[in-house]
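Peer 1: So here's entry-v6.cif (mmCIF, C-alpha atoms).
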```cif
data_model
loop_
_atom_site.group_PDB
_atom_site.id
_atom_site.type_symbol
_atom_site.label_atom_id
_atom_site.label_comp_id
_atom_site.auth_asym_id
_atom_site.auth_seq_id
_atom_site.Cartn_x
_atom_site.Cartn_y
_atom_site.Cartn_z
ATOM 1 C CA MET W 1 -99.952 -55.742 -72.702
ATOM 2 C CA VAL W 2 -101.197 -54.230 -69.463
ATOM 3 C CA VAL W 3 -104.772 -53.098 -68.892
ATOM 4 C CA LEU W 4 -105.225 -49.918 -66.869
ATOM 5 C CA LEU W 5 -108.471 -48.603 -65.414
ATOM 6 C CA SER W 6 -108.787 -44.850 -64.913
ATOM 7 C CA SER W 7 -110.550 -43.391 -61.894
ATOM 8 C CA ASP W 8 -113.574 -42.643 -64.101
ATOM 9 C CA ASN W 9 -113.693 -46.318 -65.189
ATOM 10 C CA GLU W 10 -112.238 -46.124 -68.697
ATOM 11 C CA LEU W 11 -109.992 -48.996 -69.771
ATOM 12 C CA PHE W 12 -106.622 -48.449 -71.486
ATOM 13 C CA THR W 13 -104.106 -50.941 -72.797
ATOM 14 C CA ALA W 14 -100.397 -50.241 -72.851
ATOM 15 C CA ASP W 15 -97.216 -52.160 -73.563
ATOM 16 C CA LYS W 16 -95.387 -53.367 -70.474
ATOM 17 C CA ASP W 17 -92.250 -51.462 -71.476
ATOM 18 C CA ILE W 18 -94.264 -48.218 -71.478
ATOM 19 C CA VAL W 19 -95.695 -48.956 -68.047
ATOM 20 C CA ASN W 20 -92.138 -49.603 -66.815
ATOM 21 C CA HIS W 21 -91.655 -45.791 -66.907
ATOM 22 C CA VAL W 22 -94.468 -45.575 -64.368
ATOM 23 C CA ARG W 23 -92.795 -46.454 -61.096
ATOM 24 C CA GLY W 24 -96.106 -46.076 -59.255
ATOM 25 C CA ILE W 25 -97.676 -49.041 -61.078
ATOM 26 C CA LYS W 26 -96.637 -52.514 -60.043
ATOM 27 C CA ILE W 27 -97.239 -55.135 -62.717
ATOM 28 C CA ASP W 28 -98.303 -58.548 -61.460
ATOM 29 C CA ASN W 29 -97.525 -61.014 -64.243
ATOM 30 C CA ASP W 30 -99.809 -63.624 -62.664
ATOM 31 C CA ASN W 31 -102.815 -61.326 -62.711
ATOM 32 C CA ASP W 32 -104.530 -60.101 -65.855
ATOM 33 C CA LYS W 33 -107.105 -57.944 -64.077
ATOM 34 C CA PRO W 34 -107.073 -54.244 -64.933
ATOM 35 C CA ILE W 35 -104.812 -52.138 -62.727
ATOM 36 C CA PHE W 36 -106.847 -49.367 -61.118
ATOM 37 C CA ILE W 37 -105.208 -45.941 -61.417
ATOM 38 C CA GLU W 38 -106.536 -43.982 -58.474
ATOM 39 C CA ASN W 39 -107.178 -40.228 -58.832
ATOM 40 C CA VAL W 40 -106.285 -40.113 -62.545
ATOM 41 C CA GLU W 41 -109.174 -39.522 -64.924
ATOM 42 C CA SER W 42 -109.195 -40.926 -68.432
ATOM 43 C CA TYR W 43 -108.346 -37.676 -70.253
ATOM 44 C CA ILE W 44 -105.205 -37.348 -68.091
ATOM 45 C CA LEU W 45 -104.266 -41.028 -68.233
ATOM 46 C CA LYS W 46 -104.446 -40.775 -72.023
ATOM 47 C CA LYS W 47 -101.924 -37.894 -71.941
ATOM 48 C CA VAL W 48 -99.686 -39.744 -69.467
ATOM 49 C CA LEU W 49 -99.601 -42.811 -71.710
ATOM 50 C CA GLU W 50 -98.954 -40.649 -74.787
ATOM 51 C CA TYR W 51 -95.977 -39.071 -73.008
ATOM 52 C CA CYS W 52 -94.652 -42.442 -71.845
ATOM 53 C CA GLU W 53 -95.088 -43.895 -75.345
ATOM 54 C CA TYR W 54 -92.969 -41.138 -76.874
ATOM 55 C CA HIS W 55 -90.281 -41.452 -74.188
ATOM 56 C CA ARG W 56 -90.385 -45.255 -73.967
ATOM 57 C CA ASN W 57 -86.751 -45.603 -75.057
ATOM 58 C CA ASP W 58 -85.400 -42.870 -72.792
ATOM 59 C CA PRO W 59 -83.285 -44.227 -69.951
ATOM 60 C CA LEU W 60 -84.976 -44.258 -66.580
ATOM 61 C CA PRO W 61 -83.110 -42.122 -64.038
ATOM 62 C CA SER W 62 -81.558 -44.044 -61.175
ATOM 63 C CA ASP W 63 -82.580 -43.290 -57.597
ATOM 64 C CA GLU W 64 -79.246 -41.504 -57.125
ATOM 65 C CA GLU W 65 -79.805 -39.363 -60.232
ATOM 66 C CA GLN W 66 -83.257 -38.453 -58.953
ATOM 67 C CA SER W 67 -81.956 -37.290 -55.588
ATOM 68 C CA ASN W 68 -78.923 -35.451 -57.039
ATOM 69 C CA ARG W 69 -80.594 -33.674 -59.938
ATOM 70 C CA SER W 70 -79.246 -30.269 -60.803
ATOM 71 C CA GLY W 71 -82.495 -28.687 -61.959
ATOM 72 C CA LYS W 72 -81.039 -27.785 -65.357
ATOM 73 C CA ARG W 73 -83.271 -30.031 -67.453
ATOM 74 C CA GLN W 74 -83.904 -29.001 -71.024
ATOM 75 C CA MET W 75 -87.110 -29.974 -72.785
ATOM 76 C CA CYS W 76 -87.098 -31.431 -76.260
ATOM 77 C CA GLU W 77 -89.272 -29.900 -78.960
ATOM 78 C CA TRP W 78 -91.774 -32.756 -78.697
ATOM 79 C CA ASP W 79 -92.277 -32.042 -74.986
ATOM 80 C CA THR W 80 -92.773 -28.338 -75.659
ATOM 81 C CA ASN W 81 -95.405 -29.133 -78.287
ATOM 82 C CA PHE W 82 -97.024 -31.731 -76.010
ATOM 83 C CA PHE W 83 -97.615 -29.219 -73.210
ATOM 84 C CA ALA W 84 -98.350 -26.140 -75.364
ATOM 85 C CA PRO W 85 -102.119 -26.701 -75.836
ATOM 86 C CA MET W 86 -102.754 -27.612 -72.186
ATOM 87 C CA ASN W 87 -104.578 -25.104 -70.030
ATOM 88 C CA ARG W 88 -103.541 -24.540 -66.435
ATOM 89 C CA ASP W 89 -105.990 -27.033 -64.937
ATOM 90 C CA MET W 90 -105.001 -29.833 -67.304
ATOM 91 C CA LEU W 91 -101.311 -29.138 -66.742
ATOM 92 C CA PHE W 92 -101.797 -29.287 -62.965
ATOM 93 C CA ASP W 93 -103.724 -32.559 -63.352
ATOM 94 C CA VAL W 94 -100.800 -33.981 -65.356
ATOM 95 C CA ILE W 95 -98.388 -32.851 -62.615
ATOM 96 C CA ASN W 96 -100.578 -34.524 -59.996
ATOM 97 C CA ALA W 97 -100.735 -37.756 -62.001
ATOM 98 C CA ALA W 98 -96.982 -37.730 -62.661
ATOM 99 C CA TYR W 99 -96.311 -37.224 -58.958
ATOM 100 C CA HIS W 100 -98.669 -39.968 -57.763
ATOM 101 C CA LEU W 101 -97.584 -42.409 -60.471
ATOM 102 C CA ASP W 102 -93.909 -41.553 -59.857
ATOM 103 C CA ILE W 103 -93.040 -40.663 -63.455
ATOM 104 C CA LYS W 104 -89.960 -38.503 -62.989
ATOM 105 C CA LEU W 105 -89.493 -37.435 -66.617
ATOM 106 C CA LEU W 106 -93.102 -36.286 -66.911
ATOM 107 C CA LEU W 107 -93.077 -34.576 -63.519
ATOM 108 C CA ASP W 108 -89.906 -32.644 -64.352
ATOM 109 C CA ALA W 109 -91.129 -31.632 -67.812
ATOM 110 C CA SER W 110 -94.570 -30.543 -66.599
ATOM 111 C CA CYS W 111 -93.130 -28.529 -63.688
ATOM 112 C CA LEU W 112 -90.620 -26.918 -66.046
ATOM 113 C CA THR W 113 -93.547 -25.963 -68.289
ATOM 114 C CA VAL W 114 -95.258 -24.218 -65.359
ATOM 115 C CA ALA W 115 -92.007 -22.447 -64.460
ATOM 116 C CA ASN W 116 -91.574 -21.269 -68.052
ATOM 117 C CA ARG W 117 -95.154 -20.010 -68.176
ATOM 118 C CA ILE W 118 -94.811 -17.879 -65.037
ATOM 119 C CA ARG W 119 -91.302 -16.640 -65.807
ATOM 120 C CA GLY W 120 -91.331 -12.851 -66.001
ATOM 121 C CA MET W 121 -94.770 -12.491 -64.424
ATOM 122 C CA SER W 122 -95.428 -10.074 -61.611
ATOM 123 C CA THR W 123 -96.328 -11.324 -58.148
ATOM 124 C CA GLU W 124 -99.952 -10.374 -58.791
ATOM 125 C CA GLN W 125 -100.034 -12.316 -62.069
ATOM 126 C CA ILE W 126 -98.537 -15.396 -60.410
ATOM 127 C CA ARG W 127 -101.105 -15.170 -57.611
ATOM 128 C CA GLU W 128 -103.813 -15.118 -60.266
ATOM 129 C CA VAL W 129 -102.385 -18.162 -62.054
ATOM 130 C CA PHE W 130 -102.247 -20.184 -58.823
ATOM 131 C CA ASN W 131 -105.428 -18.717 -57.288
ATOM 132 C CA VAL W 132 -103.527 -17.381 -54.281
ATOM 133 C CA VAL W 133 -105.262 -14.712 -52.234
ATOM 134 C CA ASN W 134 -103.004 -11.868 -51.124
ATOM 135 C CA ASP W 135 -103.431 -11.644 -47.379
ATOM 136 C CA PHE W 136 -100.552 -9.202 -46.819
ATOM 137 C CA THR W 137 -101.179 -5.608 -45.885
ATOM 138 C CA PRO W 138 -99.505 -3.090 -48.214
ATOM 139 C CA GLU W 139 -96.963 -2.400 -45.442
ATOM 140 C CA GLU W 140 -96.118 -6.107 -45.013
ATOM 141 C CA GLU W 141 -95.788 -6.525 -48.746
ATOM 142 C CA GLU W 142 -93.409 -3.552 -49.008
ATOM 143 C CA GLN W 143 -91.302 -4.930 -46.139
ATOM 144 C CA LEU W 144 -91.044 -8.306 -47.882
ATOM 145 C CA ARG W 145 -90.019 -6.625 -51.134
ATOM 146 C CA LYS W 146 -87.230 -4.750 -49.336
ATOM 147 C CA GLU W 147 -86.000 -7.890 -47.570
ATOM 148 C CA ASN W 148 -85.936 -9.834 -50.830
ATOM 149 C CA GLU W 149 -84.659 -7.227 -53.294
ATOM 150 C CA TRP W 150 -81.872 -9.619 -54.232
ATOM 151 C CA ALA W 151 -84.458 -11.979 -55.778
ATOM 152 C CA GLU W 152 -86.042 -9.391 -58.065
ATOM 153 C CA ILE W 153 -85.589 -9.946 -61.786
ATOM 154 C CA PRO W 154 -84.724 -6.719 -63.612
#
```
Once more with this new file: its structure as structure tokens, please.
Peer 2:
Amino acid sequence: MVVLLSSDNELFTADKDIVNHVRGIKIDNDNDKPIFIENVESYILKKVLEYCEYHRNDPLPSDEEQSNRSGKRQMCEWDTNFFAPMNRDMLFDVINAAYHLDIKLLLDASCLTVANRIRGMSTEQIREVFNVVNDFTPEEEEQLRKENEWAEIP
């Protein structure tokens, strides 16, 4: 077992084989002190560990697979159900944790969830989701639309 300490000082225990999915955590077998997980609060670390527990037997992608990924990942039903109740802020916190802890499967699945949620939204709706202020003039915006007509989804 490995003891993890969240950034808000909550302790978690996890099997070593689960933590092996977390490339950003280095296990020191000679040290039984809790491993501090910087910038990941307990409610997110709990979700990260839940995800890793479910996917504990999934093969870890090699470095070559990570750099040559095709972007055509499909999510299993469990993943879809795992992310469904998460609001935007929690989902972004999971993405942040997955990135910093280097958990490729979780990062890909959480980013795919965001992509699926914004699919079909208008530019204005996407700006609202990501809290992006529109600083284009109407003329600049129209010019950009004309230049990028090829990217419009019918």
Peer 1: Would you list the residues near (-97.8, -10.5, -57.6), meaning any protein, DNA or RNA residue with an atom at most 12 Å from that point in file coordinates, counting only C-alpha atoms, as a count of residues only?
Peer 2: 22
Peer 1: Produce a table with one row for each residue of range 28-143 of chain W that has an atom at most 12 Å from any atom of range 14-23 of chain W, each row naming the nearest atom pair and its distance in Å at one decimal; use all atoms listed in the file; arrange rows by chain and rising residue number; format as a tab-separated table.
Peer 2:
```
residue	atom	partner	partner_atom	distance
W:Asp28	CA	W:Lys16	CA	10.8
W:Asn29	CA	W:Lys16	CA	10.1
W:Pro34	CA	W:Ala14	CA	11.1
W:Ile35	CA	W:Val19	CA	11.0
W:Ile37	CA	W:Val22	CA	11.1
W:Leu45	CA	W:Ala14	CA	11.0
W:Lys46	CA	W:Ala14	CA	10.3
W:Val48	CA	W:Val22	CA	9.3
W:Leu49	CA	W:Ala14	CA	7.6
W:Glu50	CA	W:Ile18	CA	9.5
W:Tyr51	CA	W:Ile18	CA	9.4
W:Cys52	CA	W:Ile18	CA	5.8
W:Glu53	CA	W:Ile18	CA	5.9
W:Tyr54	CA	W:Ile18	CA	9.0
W:His55	CA	W:Ile18	CA	8.3
W:Arg56	CA	W:Ile18	CA	5.5
W:Asn57	CA	W:Ile18	CA	8.7
W:Asp58	CA	W:His21	CA	9.1
W:Pro59	CA	W:His21	CA	9.0
W:Leu60	CA	W:His21	CA	6.9
W:Pro61	CA	W:His21	CA	9.7
W:Ser62	CA	W:Arg23	CA	11.5
W:Asp63	CA	W:Arg23	CA	11.3
W:Ala97	CA	W:Val22	CA	10.3
W:Ala98	CA	W:Val22	CA	8.4
W:Tyr99	CA	W:Arg23	CA	10.1
W:His100	CA	W:Arg23	CA	9.4
W:Leu101	CA	W:Val22	CA	5.9
W:Asp102	CA	W:Arg23	CA	5.2
W:Ile103	CA	W:Val22	CA	5.2
W:Lys104	CA	W:His21	CA	8.4
W:Leu105	CA	W:His21	CA	8.6
W:Leu106	CA	W:His21	CA	9.6
W:Leu107	CA	W:Val22	CA	11.1
```
Peer 1: List the residues sitting within 7 Å of (-102.5, -58.0, -69.2) in the file's frame, using only C-alpha atoms, as a list in words.
Peer 2: Met1, Val2, Val3, Asp32 and Lys33 of chain W
Peer 1: Have a look at CA of Met75 in chain W and CA of Val114 in chain W and let me know their distance in Å, one decimal.
Peer 2: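 The value is 12.4 Å.
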Peer 1: Determine the nearest neighbour of Arg88 in chain W from the options W:Leu11, W:Ile25, W:Cys76, W:Ala115, counting only C-alpha atoms.
Peer 2: W:Ala115
Peer 1: Distance CA of Val94 in chain W-CA of Ser110 in chain W, one decimal place?
Peer 2: 7.2 Å
Peer 1: Measuring atom to atom with all atoms listed in the file, identify which of W:Phe83, W:Phe92, W:Trp78, W:Phe36 is nearest to Thr113 in chain W.
Peer 2: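 The closest residue to Thr113 in chain W is W:Phe83.
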Peer 1: So the first atom is CA of Glu38 in chain W and the second is CA of Asn9 in chain W; what is the distance between them in Å, to one decimal place?
Peer 2: 10.1 Å
Peer 1: Which residue out of W:Asn116, W:Thr13, W:Asn96, W:Ser6 has the minimum interatomic distance to Glu41 in chain W when only C-alpha atoms are used?
Peer 2: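 Counting only C-alpha atoms, the residue closest to Glu41 in chain W is W:Ser6.
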